[in-house]
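Engineer: Handing over data.pdb, PDB, C-alpha atoms.
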```pdb
ATOM      1  CA  MET A  29      96.186 -13.610  14.027  1.00  0.00           C
ATOM      2  CA  GLU A  30      98.865 -15.611  15.848  1.00  0.00           C
ATOM      3  CA  ILE A  31     100.067 -17.218  12.581  1.00  0.00           C
ATOM      4  CA  THR A  32     100.400 -13.777  10.979  1.00  0.00           C
ATOM      5  CA  PHE A  33     102.383 -12.619  14.002  1.00  0.00           C
ATOM      6  CA  LEU A  34     104.712 -15.641  13.795  1.00  0.00           C
ATOM      7  CA  PHE A  35     105.239 -15.017  10.067  1.00  0.00           C
ATOM      8  CA  ILE A  36     106.185 -11.383  10.731  1.00  0.00           C
ATOM      9  CA  VAL A  37     108.528 -12.422  13.531  1.00  0.00           C
ATOM     10  CA  SER A  38     110.200 -14.994  11.272  1.00  0.00           C
ATOM     11  CA  PHE A  39     110.607 -12.404   8.505  1.00  0.00           C
ATOM     12  CA  MET A  40     112.115  -9.843  10.908  1.00  0.00           C
ATOM     13  CA  LYS A  41     114.555 -12.362  12.349  1.00  0.00           C
ATOM     14  CA  ASP A  42     115.867 -13.332   8.922  1.00  0.00           C
ATOM     15  CA  HIS A  43     115.982  -9.842   7.411  1.00  0.00           C
ATOM     16  CA  ASN A  44     116.862  -7.534  10.271  1.00  0.00           C
ATOM     17  CA  PRO A  45     118.719  -9.169  13.198  1.00  0.00           C
ATOM     18  CA  LYS A  46     119.142  -5.852  15.034  1.00  0.00           C
ATOM     19  CA  THR A  47     115.405  -5.238  15.068  1.00  0.00           C
ATOM     20  CA  TRP A  48     114.864  -8.874  16.088  1.00  0.00           C
ATOM     21  CA  ASN A  49     116.677  -8.262  19.381  1.00  0.00           C
ATOM     22  CA  TYR A  50     114.346  -5.355  20.134  1.00  0.00           C
ATOM     23  CA  ILE A  51     111.351  -7.545  19.337  1.00  0.00           C
ATOM     24  CA  LEU A  52     112.666 -10.237  21.700  1.00  0.00           C
ATOM     25  CA  LEU A  53     113.104  -7.586  24.381  1.00  0.00           C
ATOM     26  CA  LEU A  54     109.520  -6.390  23.956  1.00  0.00           C
ATOM     27  CA  VAL A  55     108.140  -9.946  23.973  1.00  0.00           C
ATOM     28  CA  ARG A  56     110.203 -10.795  27.054  1.00  0.00           C
ATOM     29  CA  VAL A  57     109.253  -7.706  29.027  1.00  0.00           C
ATOM     30  CA  TRP A  58     105.563  -7.919  28.105  1.00  0.00           C
ATOM     31  CA  LEU A  59     105.269 -11.640  28.854  1.00  0.00           C
ATOM     32  CA  GLY A  60     107.211 -11.328  32.112  1.00  0.00           C
ATOM     33  CA  TYR A  61     105.127  -8.355  33.219  1.00  0.00           C
ATOM     34  CA  ARG A  62     101.826 -10.096  32.398  1.00  0.00           C
ATOM     35  CA  MET A  63     102.815 -13.339  34.114  1.00  0.00           C
ATOM     36  CA  PHE A  64     103.960 -11.494  37.235  1.00  0.00           C
ATOM     37  CA  GLY A  65     100.845  -9.328  37.291  1.00  0.00           C
ATOM     38  CA  ALA A  66      98.523 -12.296  36.827  1.00  0.00           C
ATOM     39  CA  SER A  67     100.108 -14.407  39.534  1.00  0.00           C
ATOM     40  CA  TYR A  68     101.602 -12.328  42.354  1.00  0.00           C
ATOM     41  CA  SER A  69      98.370 -11.619  44.224  1.00  0.00           C
ATOM     42  CA  SER A  70      97.188 -15.208  43.687  1.00  0.00           C
ATOM     43  CA  VAL A  71     100.352 -16.658  45.235  1.00  0.00           C
ATOM     44  CA  ILE A  72     100.077 -14.263  48.193  1.00  0.00           C
ATOM     45  CA  ASP A  73      96.387 -15.142  48.602  1.00  0.00           C
ATOM     46  CA  ILE A  74      97.060 -18.888  48.535  1.00  0.00           C
ATOM     47  CA  ILE A  75      99.745 -18.538  51.204  1.00  0.00           C
ATOM     48  CA  PHE A  76      98.191 -15.989  53.558  1.00  0.00           C
ATOM     49  CA  HIS A  77      94.408 -15.785  53.072  1.00  0.00           C
ATOM     50  CA  PRO A  78      92.216 -18.786  54.016  1.00  0.00           C
ATOM     51  CA  GLY A  79      89.177 -17.351  52.223  1.00  0.00           C
ATOM     52  CA  GLU A  80      91.076 -17.149  48.964  1.00  0.00           C
ATOM     53  CA  ARG A  81      92.413 -20.668  49.511  1.00  0.00           C
ATOM     54  CA  ALA A  82      88.810 -21.842  49.505  1.00  0.00           C
ATOM     55  CA  PHE A  83      88.280 -20.084  46.159  1.00  0.00           C
ATOM     56  CA  PHE A  84      91.275 -21.871  44.605  1.00  0.00           C
ATOM     57  CA  ILE A  85      90.226 -25.220  46.082  1.00  0.00           C
ATOM     58  CA  LYS A  86      86.772 -24.798  44.526  1.00  0.00           C
ATOM     59  CA  TRP A  87      88.116 -23.557  41.173  1.00  0.00           C
ATOM     60  CA  PHE A  88      90.897 -26.105  40.707  1.00  0.00           C
ATOM     61  CA  GLY A  89      89.047 -28.960  42.429  1.00  0.00           C
ATOM     62  CA  GLU A  90      85.337 -28.736  41.669  1.00  0.00           C
ATOM     63  CA  GLU A  91      85.458 -26.803  38.387  1.00  0.00           C
ATOM     64  CA  LEU A  92      88.728 -27.979  36.793  1.00  0.00           C
ATOM     65  CA  HIS A  93      88.807 -31.407  38.501  1.00  0.00           C
ATOM     66  CA  PHE A  94      92.483 -31.374  39.435  1.00  0.00           C
ATOM     67  CA  PRO A  95      93.656 -33.693  42.208  1.00  0.00           C
ATOM     68  CA  MET A  96      95.134 -31.814  45.186  1.00  0.00           C
ATOM     69  CA  PRO A  97      93.585 -28.540  43.959  1.00  0.00           C
ATOM     70  CA  LEU A  98      95.389 -26.173  46.322  1.00  0.00           C
ATOM     71  CA  THR A  99      98.764 -27.682  45.463  1.00  0.00           C
ATOM     72  CA  MET A 100      97.978 -27.528  41.748  1.00  0.00           C
ATOM     73  CA  ALA A 101      96.833 -23.897  42.026  1.00  0.00           C
ATOM     74  CA  PHE A 102     100.011 -22.978  43.875  1.00  0.00           C
ATOM     75  CA  LEU A 103     102.161 -24.785  41.288  1.00  0.00           C
ATOM     76  CA  ALA A 104     100.383 -23.082  38.381  1.00  0.00           C
ATOM     77  CA  LYS A 105     100.474 -19.606  39.885  1.00  0.00           C
ATOM     78  CA  GLY A 106     104.009 -20.161  41.200  1.00  0.00           C
ATOM     79  CA  ALA A 107     105.129 -21.190  37.698  1.00  0.00           C
ATOM     80  CA  GLU A 108     103.603 -18.006  36.280  1.00  0.00           C
ATOM     81  CA  LEU A 109     105.248 -15.881  38.979  1.00  0.00           C
ATOM     82  CA  SER A 110     108.749 -17.373  38.854  1.00  0.00           C
ATOM     83  CA  GLY A 111     108.658 -17.804  35.079  1.00  0.00           C
ATOM     84  CA  GLY A 112     107.516 -14.202  34.690  1.00  0.00           C
ATOM     85  CA  ILE A 113     110.318 -12.826  36.846  1.00  0.00           C
ATOM     86  CA  PHE A 114     113.020 -14.801  35.024  1.00  0.00           C
ATOM     87  CA  VAL A 115     111.632 -14.037  31.570  1.00  0.00           C
ATOM     88  CA  PHE A 116     111.375 -10.331  32.426  1.00  0.00           C
ATOM     89  CA  LEU A 117     115.033 -10.290  33.442  1.00  0.00           C
ATOM     90  CA  GLY A 118     116.155 -12.446  30.548  1.00  0.00           C
ATOM     91  CA  LEU A 119     117.743 -14.855  33.020  1.00  0.00           C
ATOM     92  CA  PHE A 120     117.293 -18.599  32.437  1.00  0.00           C
ATOM     93  CA  THR A 121     114.969 -17.447  29.664  1.00  0.00           C
ATOM     94  CA  ARG A 122     114.469 -20.770  27.904  1.00  0.00           C
ATOM     95  CA  PRO A 123     113.631 -22.856  31.001  1.00  0.00           C
ATOM     96  CA  ALA A 124     111.423 -20.062  32.373  1.00  0.00           C
ATOM     97  CA  ALA A 125     109.616 -19.740  29.041  1.00  0.00           C
ATOM     98  CA  LEU A 126     109.150 -23.515  28.982  1.00  0.00           C
ATOM     99  CA  LEU A 127     107.509 -23.314  32.399  1.00  0.00           C
ATOM    100  CA  ILE A 128     105.197 -20.553  31.167  1.00  0.00           C
ATOM    101  CA  ALA A 129     104.404 -22.385  27.908  1.00  0.00           C
ATOM    102  CA  PHE A 130     103.474 -25.568  29.759  1.00  0.00           C
ATOM    103  CA  THR A 131     101.307 -23.672  32.249  1.00  0.00           C
ATOM    104  CA  MET A 132      99.537 -21.719  29.500  1.00  0.00           C
ATOM    105  CA  PHE A 133      98.993 -24.889  27.465  1.00  0.00           C
ATOM    106  CA  VAL A 134      97.371 -26.621  30.433  1.00  0.00           C
ATOM    107  CA  ALA A 135      95.348 -23.487  31.254  1.00  0.00           C
ATOM    108  CA  THR A 136      94.097 -23.317  27.676  1.00  0.00           C
ATOM    109  CA  LEU A 137      93.022 -26.960  27.645  1.00  0.00           C
ATOM    110  CA  THR A 138      91.499 -27.103  31.121  1.00  0.00           C
ATOM    111  CA  ALA A 139      90.160 -23.664  32.008  1.00  0.00           C
ATOM    112  CA  ASN A 140      89.593 -21.849  28.737  1.00  0.00           C
ATOM    113  CA  LEU A 141      88.161 -24.317  26.231  1.00  0.00           C
ATOM    114  CA  GLY A 142      84.430 -23.928  25.999  1.00  0.00           C
ATOM    115  CA  GLU A 143      82.755 -21.164  27.944  1.00  0.00           C
ATOM    116  CA  ASN A 144      85.804 -18.941  28.573  1.00  0.00           C
ATOM    117  CA  TRP A 145      87.488 -19.378  25.200  1.00  0.00           C
ATOM    118  CA  ILE A 146      86.666 -15.974  23.701  1.00  0.00           C
ATOM    119  CA  ILE A 147      87.666 -14.048  26.809  1.00  0.00           C
ATOM    120  CA  ASP A 148      90.565 -15.965  28.347  1.00  0.00           C
ATOM    121  CA  GLY A 149      91.580 -18.430  25.634  1.00  0.00           C
ATOM    122  CA  GLY A 150      93.064 -15.719  23.448  1.00  0.00           C
ATOM    123  CA  PHE A 151      95.273 -14.577  26.299  1.00  0.00           C
ATOM    124  CA  THR A 152      96.589 -18.004  27.226  1.00  0.00           C
ATOM    125  CA  VAL A 153      97.208 -18.964  23.589  1.00  0.00           C
ATOM    126  CA  SER A 154      99.053 -15.681  22.983  1.00  0.00           C
ATOM    127  CA  TYR A 155     101.181 -16.142  26.105  1.00  0.00           C
ATOM    128  CA  PHE A 156     101.894 -19.711  24.990  1.00  0.00           C
ATOM    129  CA  LEU A 157     103.052 -18.466  21.561  1.00  0.00           C
ATOM    130  CA  PHE A 158     105.214 -15.721  23.064  1.00  0.00           C
ATOM    131  CA  ALA A 159     106.803 -18.315  25.337  1.00  0.00           C
ATOM    132  CA  LEU A 160     107.480 -20.573  22.324  1.00  0.00           C
ATOM    133  CA  ILE A 161     109.354 -17.725  20.654  1.00  0.00           C
ATOM    134  CA  LEU A 162     111.516 -17.314  23.759  1.00  0.00           C
ATOM    135  CA  ILE A 163     112.109 -21.080  24.031  1.00  0.00           C
ATOM    136  CA  SER A 164     113.314 -21.052  20.442  1.00  0.00           C
ATOM    137  CA  GLU A 165     115.330 -17.844  20.468  1.00  0.00           C
ATOM    138  CA  GLY A 166     116.326 -17.154  24.074  1.00  0.00           C
ATOM    139  CA  SER A 167     116.545 -13.708  25.614  1.00  0.00           C
ATOM    140  CA  GLY A 168     118.260 -11.905  22.762  1.00  0.00           C
ATOM    141  CA  LYS A 169     121.102  -9.437  23.218  1.00  0.00           C
ATOM    142  CA  PHE A 170     119.258  -7.406  25.831  1.00  0.00           C
ATOM    143  CA  GLY A 171     118.868 -10.167  28.411  1.00  0.00           C
ATOM    144  CA  LEU A 172     121.035 -11.276  31.307  1.00  0.00           C
ATOM    145  CA  ASP A 173     121.536 -14.661  29.609  1.00  0.00           C
ATOM    146  CA  TYR A 174     123.383 -12.955  26.774  1.00  0.00           C
ATOM    147  CA  LEU A 175     125.465 -10.824  29.139  1.00  0.00           C
ATOM    148  CA  ILE A 176     126.501 -13.857  31.201  1.00  0.00           C
ATOM    149  CA  SER A 177     127.343 -15.932  28.124  1.00  0.00           C
ATOM    150  CA  ARG A 178     129.514 -13.094  26.755  1.00  0.00           C
ATOM    151  CA  LYS A 179     131.412 -12.814  30.036  1.00  0.00           C
ATOM    152  CA  LYS A 180     132.019 -16.576  30.113  1.00  0.00           C
ATOM    153  CA  ALA A 181     133.121 -16.568  26.470  1.00  0.00           C
ATOM    154  CA  SER A 182     135.592 -13.747  27.057  1.00  0.00           C
ATOM    155  CA  GLY A 183     137.138 -15.549  30.011  1.00  0.00           C
ATOM    156  CA  LEU A 184     136.057 -13.050  32.630  1.00  0.00           C
ATOM    157  CA  SER A 185     135.038 -14.553  35.909  1.00  0.00           C
ATOM    158  CA  ILE A 186     131.606 -13.881  37.299  1.00  0.00           C
ATOM    159  CA  PRO A 187     131.566 -13.168  41.037  1.00  0.00           C
ATOM    160  CA  GLN A 188     129.829 -15.891  43.000  1.00  0.00           C
TER     161      GLN A 188
END
```
Just dump the structure as structure tokens.
Structural biologist:
Amino acid sequence: MEITFLFIVSFMKDHNPKTWNYILLLVRVWLGYRMFGASYSSVIDIIFHPGERAFFIKWFGEELHFPMPLTMAFLAKGAELSGGIFVFLGLFTRPAALLIAFTMFVATLTANLGENWIIDGGFTVSYFLFALILISEGSGKFGLDYLISRKKASGLSIPQ
């Protein structure tokens, strides 16, 4: 399914650049929304709720065997949260998408191979592929990256 999707995306990019920018917008908004939605409550829980901290320590430590499990959980969920916000806005799209791609790759290999593959593996692989598209192509014409680069190219100053 993912290969078919990538083929369609490649075809659209080459044959209809205007439509490609709308596709990039949809990918960006969807991926940003999903990353934010999947991580916001987790980040809040890690910071403010000791009971939830225990859950993340058990999950990342005992089940996934990460060293410093609470730190690793915070880094993973923080990467999803910050990456999601930036991707949604189309600001620093490539670095934010790289952060998401790395996090989804690690999640796929550590948490979703085996017993959770059918349920969660499809999600993390899809998010990884969406992030790869954004790493390759950037935000498109409907992102803040494009707006900022146009202003710099035209010589207009951006207020600091």
Engineer: So that I can check the surroundings of stretch 136-141 of chain A, please list as a list in words every protein, DNA and RNA residue that reaches within 12 Å of it, counting all atoms listed in the file and ignoring chain neighbours fewer than 3 positions away.
Structural biologist: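 These residues fall inside the cut-off: Trp87, Phe88, Gly89, Glu90, Glu91, Leu92, His93, Phe94, Ile128, Ala129, Phe130, Thr131, Met132, Phe133, Asn144, Trp145, Ile146, Ile147, Asp148, Gly149, Gly150, Phe151, Thr152, Val153, Ser154, Tyr155, Phe156 and Leu157 of chain A.
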Engineer: Using atom CA of A:Ala124 and atom CA of A:Leu54 as the two end points, give the distance in Å to one decimal.
Structural biologist: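 Taking atom CA of A:Ala124 and atom CA of A:Leu54, their separation equals 16.2 Å.
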Engineer: Given the file shown, enumerate the residues that the PyMOL selection byres ((chain A and resi 120) around 12) captures and present them as a ChimeraX atom specification.
Structural biologist: /A:56,110-119,121-127,162-163,166-168,171-177
Engineer: Store the residues of this selection in a file with C-alpha atoms, as a PDB file, in the frame of the given file.
Structural biologist:
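Saved to part35.pdb:
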```pdb
ATOM      1  CA  ARG A  56     110.203 -10.795  27.054  1.00  0.00           C
ATOM      2  CA  SER A 110     108.749 -17.373  38.854  1.00  0.00           C
ATOM      3  CA  GLY A 111     108.658 -17.804  35.079  1.00  0.00           C
ATOM      4  CA  GLY A 112     107.516 -14.202  34.690  1.00  0.00           C
ATOM      5  CA  ILE A 113     110.318 -12.826  36.846  1.00  0.00           C
ATOM      6  CA  PHE A 114     113.020 -14.801  35.024  1.00  0.00           C
ATOM      7  CA  VAL A 115     111.632 -14.037  31.570  1.00  0.00           C
ATOM      8  CA  PHE A 116     111.375 -10.331  32.426  1.00  0.00           C
ATOM      9  CA  LEU A 117     115.033 -10.290  33.442  1.00  0.00           C
ATOM     10  CA  GLY A 118     116.155 -12.446  30.548  1.00  0.00           C
ATOM     11  CA  LEU A 119     117.743 -14.855  33.020  1.00  0.00           C
ATOM     12  CA  THR A 121     114.969 -17.447  29.664  1.00  0.00           C
ATOM     13  CA  ARG A 122     114.469 -20.770  27.904  1.00  0.00           C
ATOM     14  CA  PRO A 123     113.631 -22.856  31.001  1.00  0.00           C
ATOM     15  CA  ALA A 124     111.423 -20.062  32.373  1.00  0.00           C
ATOM     16  CA  ALA A 125     109.616 -19.740  29.041  1.00  0.00           C
ATOM     17  CA  LEU A 126     109.150 -23.515  28.982  1.00  0.00           C
ATOM     18  CA  LEU A 127     107.509 -23.314  32.399  1.00  0.00           C
ATOM     19  CA  LEU A 162     111.516 -17.314  23.759  1.00  0.00           C
ATOM     20  CA  ILE A 163     112.109 -21.080  24.031  1.00  0.00           C
ATOM     21  CA  GLY A 166     116.326 -17.154  24.074  1.00  0.00           C
ATOM     22  CA  SER A 167     116.545 -13.708  25.614  1.00  0.00           C
ATOM     23  CA  GLY A 168     118.260 -11.905  22.762  1.00  0.00           C
ATOM     24  CA  GLY A 171     118.868 -10.167  28.411  1.00  0.00           C
ATOM     25  CA  LEU A 172     121.035 -11.276  31.307  1.00  0.00           C
ATOM     26  CA  ASP A 173     121.536 -14.661  29.609  1.00  0.00           C
ATOM     27  CA  TYR A 174     123.383 -12.955  26.774  1.00  0.00           C
ATOM     28  CA  LEU A 175     125.465 -10.824  29.139  1.00  0.00           C
ATOM     29  CA  ILE A 176     126.501 -13.857  31.201  1.00  0.00           C
ATOM     30  CA  SER A 177     127.343 -15.932  28.124  1.00  0.00           C
TER      31      SER A 177
END
```
Engineer: One number please: atom CA of A:Met100 to atom CA of A:Trp58, in Å, one decimal.
Structural biologist: 25.1 Å
Engineer: Considering only C-alpha atoms, can you say which of A:Ala159, A:Ala82, A:Leu52, A:Ile75 comes closest to A:Glu108?
Structural biologist: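 Using only C-alpha atoms, the shortest distance to A:Glu108 belongs to A:Ala159.
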